[in-house]
Amino acid sequence: MHPIFKFFVLTLLLSPQTLFSQSQEFKFASIEYEDRFYALTNEIRCPKCTSGSIASSNAPIAEDLKRKVYEQIVNGKTDEEIKAYIVDRYGEFADFRPSFVKWNLFLWFAPAVFLIIFGFLFFRHQN
Amino acid sequence: MNLHKFFGLLLLCSFFMFLGLIILDNKDSDSFLSGKAFPEFNTQTLDGKNITEEYLANKTLLVNIWASWCITCLVEHPFLEDLSDEIQIVGINYKDNPEDAKAWLTKHGNFFSVNIQDPLGNLAIDLGVTGAPESFLVVNGKIVSHVIGELNQKKWEMYFAPNL
Amino acid sequence: MIGELANFLLVLSLSLFLGSTLLGLSARKTASIRILLVPIFTNANLLLLFSFALLVYLAVTDDFSIRYIASHSNSALPIFYKISAIWSAHEGSMFLWVSLLGIWSLLFIRNNYKKDLFNTDILTLLSLILFLFSAFLIFTSNPLERILPITPTNGADINPILQDPGLAIHPPMLYMGYVGFVIPFAGAVANLTSGSTGNWVTSVKSWTISAWAFLTAGIGLGSAWAYYELGWGGYWFWDPVENIALLPWLCGTALVHSMTVSSKTSDLKSWSNFLAILVFVLSLFGAFIVRSGIIDSVHSFASDPTRGLYLLSMIASISLFSFSLFAIKGINYSKKVTLLGSKESFIYINNILLMTAIFSVLIGVLYPLIYEASLNSRISVGPPFYNTIFGPMVLIAGLFIGSSIEAQWQRPFQLAKLINPIISVVITFAVIFVLYLVKGIIFSALELLSLIGGSFILISYMLSLLITENKKRIINSGSIIAHLGLGILLMGVALNSNLSYEETIAVEINSPKQTARNVILLHNIKETEGPNFSSIVAEVEVNPGPNAVNLFPEKRRYITRGQVTSETAIYSNLYRDIYLNLGELNDQNQWILRLQLNYFISFIWGGVMLMVLGILIFLRRANNESA
């Protein structure tokens, strides 16, 4: 091991979120795969961090999950399959995009409902 | 109802709701894992024997994720040792080197009925593990409850003991 | 000794604030004591500020017997960071917060106070708020506490990611914005309590615009700080703390627009009143969320339930009081029909859109809490949600802003005014179509919404500037510049999202590596020493050849805390940034590099700068008007 590398590895445990400590390469056969990888890792929440996606974390678990996403993209899995894989293991908490079902519909439609209520008040104001 | 009353009420309601949420707040348990079958695996024990999920069938077990590099694991070690009289403990040696792991066990004591090797953390990811240490209560091949971080008397009584 | 003096002054100012609150209340009936109010209030504020100045002095002179300084500063730090260390954690931030509150209140009262009931009520309210927050500071978060009996010889140092000029200016700027909204709040509430007949909006309008300018600049700086310092290449993460900084901004935006109407006419008076209360409540809410730690965020540095509970009850009582007052008394405003197509109708629509945005962000922040409390399961609401809801809103807002330019006060809608907007729509779509034909760029639905919204604003303003006669009568330069800034910002966001990409590459020294879109050549890795850190620096050439860019990404290890940080190397030009980070050495002796091509970042910063500039010009105009 390179001595400089050792010097930094020793202090890894203490590092803040700003440290970029990537130690694996992500090489793709096509640009489309590459872009999908970065889009997807930005939508998966790092399960051990206070906030932020696995793309913006160096926590070991974030590195491992990035590796998993990478392997699955290279193996031709779809975005939905990869998301399902993560959510199955880490729960809905790991998905930054709340699913479009049940209670979450309330969340997704709330903005439209607000707009309609406020719009209604506006038109009542006209009369 | 006019504009002012509407806004006033809306705001008041939100604040009371918020107050309620703070009081109700209970972050310790995330229940989505309970009832899930223990994931399938086919790997080796630290002693080099083959092991699969069938080993866990028809047993009540504590599954503990640990590693020789993990400091908190050392902290919970004595508690687990005491616990091993009550319940069979299966270790998953997480992202570790088998030699380091064996040396660690020799030094600090080995009460695990078996230790499953997981050098890349793949089995751990299937279990929804975020790091070491974590513990699972597994009954008849099903996950019953899950504790993240150090397992101690308090957490044992809160999450595991009631499910035995 | 100085520490005790600072503490003493703080307690003294607390009691004076209590005194001026009580005196202010009795001065409502007995007008003769009003003469005492200003001196007491002034002295209370001066004592508070003097106490803060003493803390700054203690920090600069490395008095590590003060617990807060010992845990957040270090004698090896440059003076600049010794001072900024004061607001790098909870207690000091709160002190700064209260001190800025004092500065705003003092300036306002010194400039505006007249001995009428309205102004007396404002002074009483400001005293009360200052009293509550000083009490919070002294009793739950005192930064002047001593470590006894043994004084550490040196401090624990500031977190290295915070050793950045961005940290030094971004929080004070943001806080100036937050607490500045106390002025319109006090004005609105005093207007309700005093039943004053004068127009309260005129006396607080320029103060509101100033606070709004600070908040805009503060959020912009925070975003830039995240981009340059955090090293992930993002400028906005929809982190809970960013969201709650955005809430007062959205509300302040609505308030300032609304005030331009209600300072001139009797229209939108209740809106201005409501928004003035809401904007300060949202600012307080921001302080509460960050301090209580109930919402996970990179920013939450204090998770103490006592503080959270104190703040919550304080905010709850302040908002309960003011909103109930509004619900009871706010009704008395005269109801007037807003003419469809008039300038005030557009501002009404603007209020609606911004209120929708506020409620949507609020629900996004609170939904995970509600979900967990009721379903006992955790959920995340992240960037995909906010992008999805903001896309359509930004488009609607853009269309209305672009169409509103030539609308006039109290004049109904005229069909002829639609010509410019129609031309703008045609140009916008033509440009997007050309981009597709020539460059093969296909935008996603969300990107299109933002792009169309932004370019529509831009083109309509430019057309109006070129075509319309009597420009001055219709539009003012501050408004033009700020809206052009918004248009550029929205376009920048869309283009950035569409064009930017990332590559993670393993390279050996001196062997060029061809990736899908670039060539990377790592020349060498050097060790160097900084004032309080040691580092390794990579010398990297991106796309060797005539357009080669040399970058020097770095990894630093700070000596005191042993923390390691990455220093991103960035090459910027007008249309893109080359953004490079140095990773680890892998076992095949290759260095990992992360290369990001971030497009149109300059549009984002430029847009925000134009917005701040526009607001400042607008502020000067408002000052001239009121003078």
# chains A, B, ... in the order shown; residues from 1 in each chain; ligands from 1
$ interface_residues --of "chain C" --to "chain A" --cutoff "6 Å" --atoms "only C-alpha atoms" --output "PDB file with C-alpha atoms, in the first residue's frame"
ATOM      1  CA  LEU C 230     -18.958  20.105  -0.143  1.00  0.00           C
ATOM      2  CA  TRP C 232     -20.578  16.802  -4.666  1.00  0.00           C
ATOM      3  CA  ASP C 296     -32.391  14.903  10.094  1.00  0.00           C
ATOM      4  CA  SER C 297     -30.159  17.196   8.206  1.00  0.00           C
ATOM      5  CA  VAL C 337     -62.775  43.822  -6.273  1.00  0.00           C
ATOM      6  CA  ILE C 352     -51.475  32.314  -4.646  1.00  0.00           C
ATOM      7  CA  THR C 356     -48.978  27.013  -2.811  1.00  0.00           C
ATOM      8  CA  SER C 360     -46.066  22.244  -0.662  1.00  0.00           C
ATOM      9  CA  ARG C 378     -40.095   5.734   7.948  1.00  0.00           C
ATOM     10  CA  ILE C 379     -40.280   7.436   4.596  1.00  0.00           C
ATOM     11  CA  SER C 380     -38.163   9.991   2.752  1.00  0.00           C
ATOM     12  CA  VAL C 381     -39.362  12.926   0.717  1.00  0.00           C
ATOM     13  CA  GLY C 382     -36.450  14.063  -1.382  1.00  0.00           C
ATOM     14  CA  PRO C 384     -37.655  14.019  -6.917  1.00  0.00           C
ATOM     15  CA  THR C 504     -15.665   7.962 -11.917  1.00  0.00           C
ATOM     16  CA  ILE C 505     -12.330   6.905 -13.349  1.00  0.00           C
ATOM     17  CA  ALA C 506      -9.270   4.944 -12.186  1.00  0.00           C
ATOM     18  CA  GLN C 563      -9.900  15.267   9.815  1.00  0.00           C
ATOM     19  CA  VAL C 564      -9.457  14.649   6.112  1.00  0.00           C
ATOM     20  CA  THR C 565     -11.248  16.737   3.505  1.00  0.00           C
ATOM     21  CA  SER C 566     -11.298  16.831  -0.261  1.00  0.00           C
ATOM     22  CA  GLY C 583     -10.363   9.813  -4.436  1.00  0.00           C
ATOM     23  CA  GLU C 584      -8.331   6.937  -3.059  1.00  0.00           C
ATOM     24  CA  ASN C 586      -6.841   1.379  -5.336  1.00  0.00           C
TER      25      ASN C 586
END
$ interface_residues --of "chain B" --to "chain A" --cutoff "6 Å" --atoms "only C-alpha atoms" --output "PyMOL selection string"
chain B and resi 126+128+130
$ residues_around --residues "Gly220 in chain C" --least-positions-apart "3" --cutoff "9 Å" --atoms "only C-alpha atoms" --output "count of residues only"
10
$ interface_residues --of "chain C" --to "chain B" --cutoff "10 Å" --atoms "only C-alpha atoms" --output "VMD selection string"
chain C and resid 270 to 271 274 278 294 308 to 309 312 to 313 315 to 316 319 to 320 322 to 331 366 369 to 378
$ select_by_dssp --residues "chain A" --states "helix (DSSP H, G or I)" --output "ChimeraX atom specification"
/A:3-9,12-14,31-43,54-56,60-74,79-90,92-94,104-126
$ atom_distance --atom1 "CA of Ala85 in chain C" --atom2 "CA of His72 in chain C"
6.1 Å
$ select_by_dssp --residues "chain B" --states "strand (DSSP E)" --output "MDAnalysis selection string"
chainID B and resid 42:44 50:52 60:66 88:94 114:118 134:139 142:148
$ write_last_selection --atoms "C-alpha atoms" --output "mmCIF file, in the first residue's frame"
data_model
loop_
_atom_site.group_PDB
_atom_site.id
_atom_site.type_symbol
_atom_site.label_atom_id
_atom_site.label_comp_id
_atom_site.auth_asym_id
_atom_site.auth_seq_id
_atom_site.Cartn_x
_atom_site.Cartn_y
_atom_site.Cartn_z
ATOM 1 C CA ASN B 42 -24.851 -20.091 0.484
ATOM 2 C CA THR B 43 -21.455 -19.304 1.914
ATOM 3 C CA GLN B 44 -18.802 -20.491 4.342
ATOM 4 C CA ASN B 50 -20.431 -24.642 3.878
ATOM 5 C CA ILE B 51 -23.512 -23.076 5.365
ATOM 6 C CA THR B 52 -26.936 -22.066 4.004
ATOM 7 C CA THR B 60 -34.672 -19.251 17.961
ATOM 8 C CA LEU B 61 -31.511 -17.281 17.347
ATOM 9 C CA LEU B 62 -29.813 -13.996 17.872
ATOM 10 C CA VAL B 63 -27.953 -13.056 14.689
ATOM 11 C CA ASN B 64 -25.191 -10.546 15.335
ATOM 12 C CA ILE B 65 -23.301 -8.578 12.694
ATOM 13 C CA TRP B 66 -19.739 -7.939 13.857
ATOM 14 C CA GLN B 88 -28.015 -19.323 20.661
ATOM 15 C CA ILE B 89 -25.985 -16.574 18.964
ATOM 16 C CA VAL B 90 -24.990 -16.759 15.307
ATOM 17 C CA GLY B 91 -22.342 -14.300 14.115
ATOM 18 C CA ILE B 92 -22.057 -12.763 10.705
ATOM 19 C CA ASN B 93 -18.484 -11.664 10.265
ATOM 20 C CA TYR B 94 -18.985 -8.482 8.283
ATOM 21 C CA VAL B 114 -21.295 -20.465 14.299
ATOM 22 C CA ASN B 115 -19.797 -17.551 12.379
ATOM 23 C CA ILE B 116 -20.864 -16.870 8.808
ATOM 24 C CA GLN B 117 -18.286 -15.222 6.563
ATOM 25 C CA ASP B 118 -19.514 -12.151 4.724
ATOM 26 C CA GLU B 134 -26.443 -4.829 14.338
ATOM 27 C CA SER B 135 -28.515 -7.649 15.788
ATOM 28 C CA PHE B 136 -31.550 -9.608 14.637
ATOM 29 C CA LEU B 137 -33.901 -11.878 16.516
ATOM 30 C CA VAL B 138 -34.636 -14.758 14.148
ATOM 31 C CA VAL B 139 -37.323 -17.320 14.995
ATOM 32 C CA LYS B 142 -38.082 -15.394 10.116
ATOM 33 C CA ILE B 143 -36.783 -11.994 11.254
ATOM 34 C CA VAL B 144 -38.742 -10.874 14.303
ATOM 35 C CA SER B 145 -36.926 -7.733 15.365
ATOM 36 C CA HIS B 146 -33.849 -5.703 14.559
ATOM 37 C CA VAL B 147 -31.558 -3.449 16.579
ATOM 38 C CA ILE B 148 -29.041 -1.064 15.023
#
$ closest_residue --among "B:Lys36, B:Lys95, B:Lys155, B:His77" --to "Leu123 in chain B" --atoms "only C-alpha atoms"
B:Lys95
$ atom_distance --atom1 "CA of Asn58 in chain A" --atom2 "CA of Ile592 in chain C"
13.6 Å
$ atom_distance --atom1 "CA of Tyr579 in chain C" --atom2 "CA of Phe552 in chain C"
10.4 Å
$ residues_around --residues "Ser65 in chain C" --least-positions-apart "6" --cutoff "10 Å" --atoms "only C-alpha atoms" --output "list in words"
Gly3, Leu58, Leu144, Glu145, Arg146, Ile147, Leu148, Pro149, Ile150, Thr151, Pro152, Thr153, Asn154 and Gly155 of chain C
$ residues_around --residues "range 499-502 of chain C" --least-positions-apart "5" --cutoff "9 Å" --atoms "only C-alpha atoms" --output "ChimeraX atom specification"
/A:34-35,38 /C:441,494,576,594-600
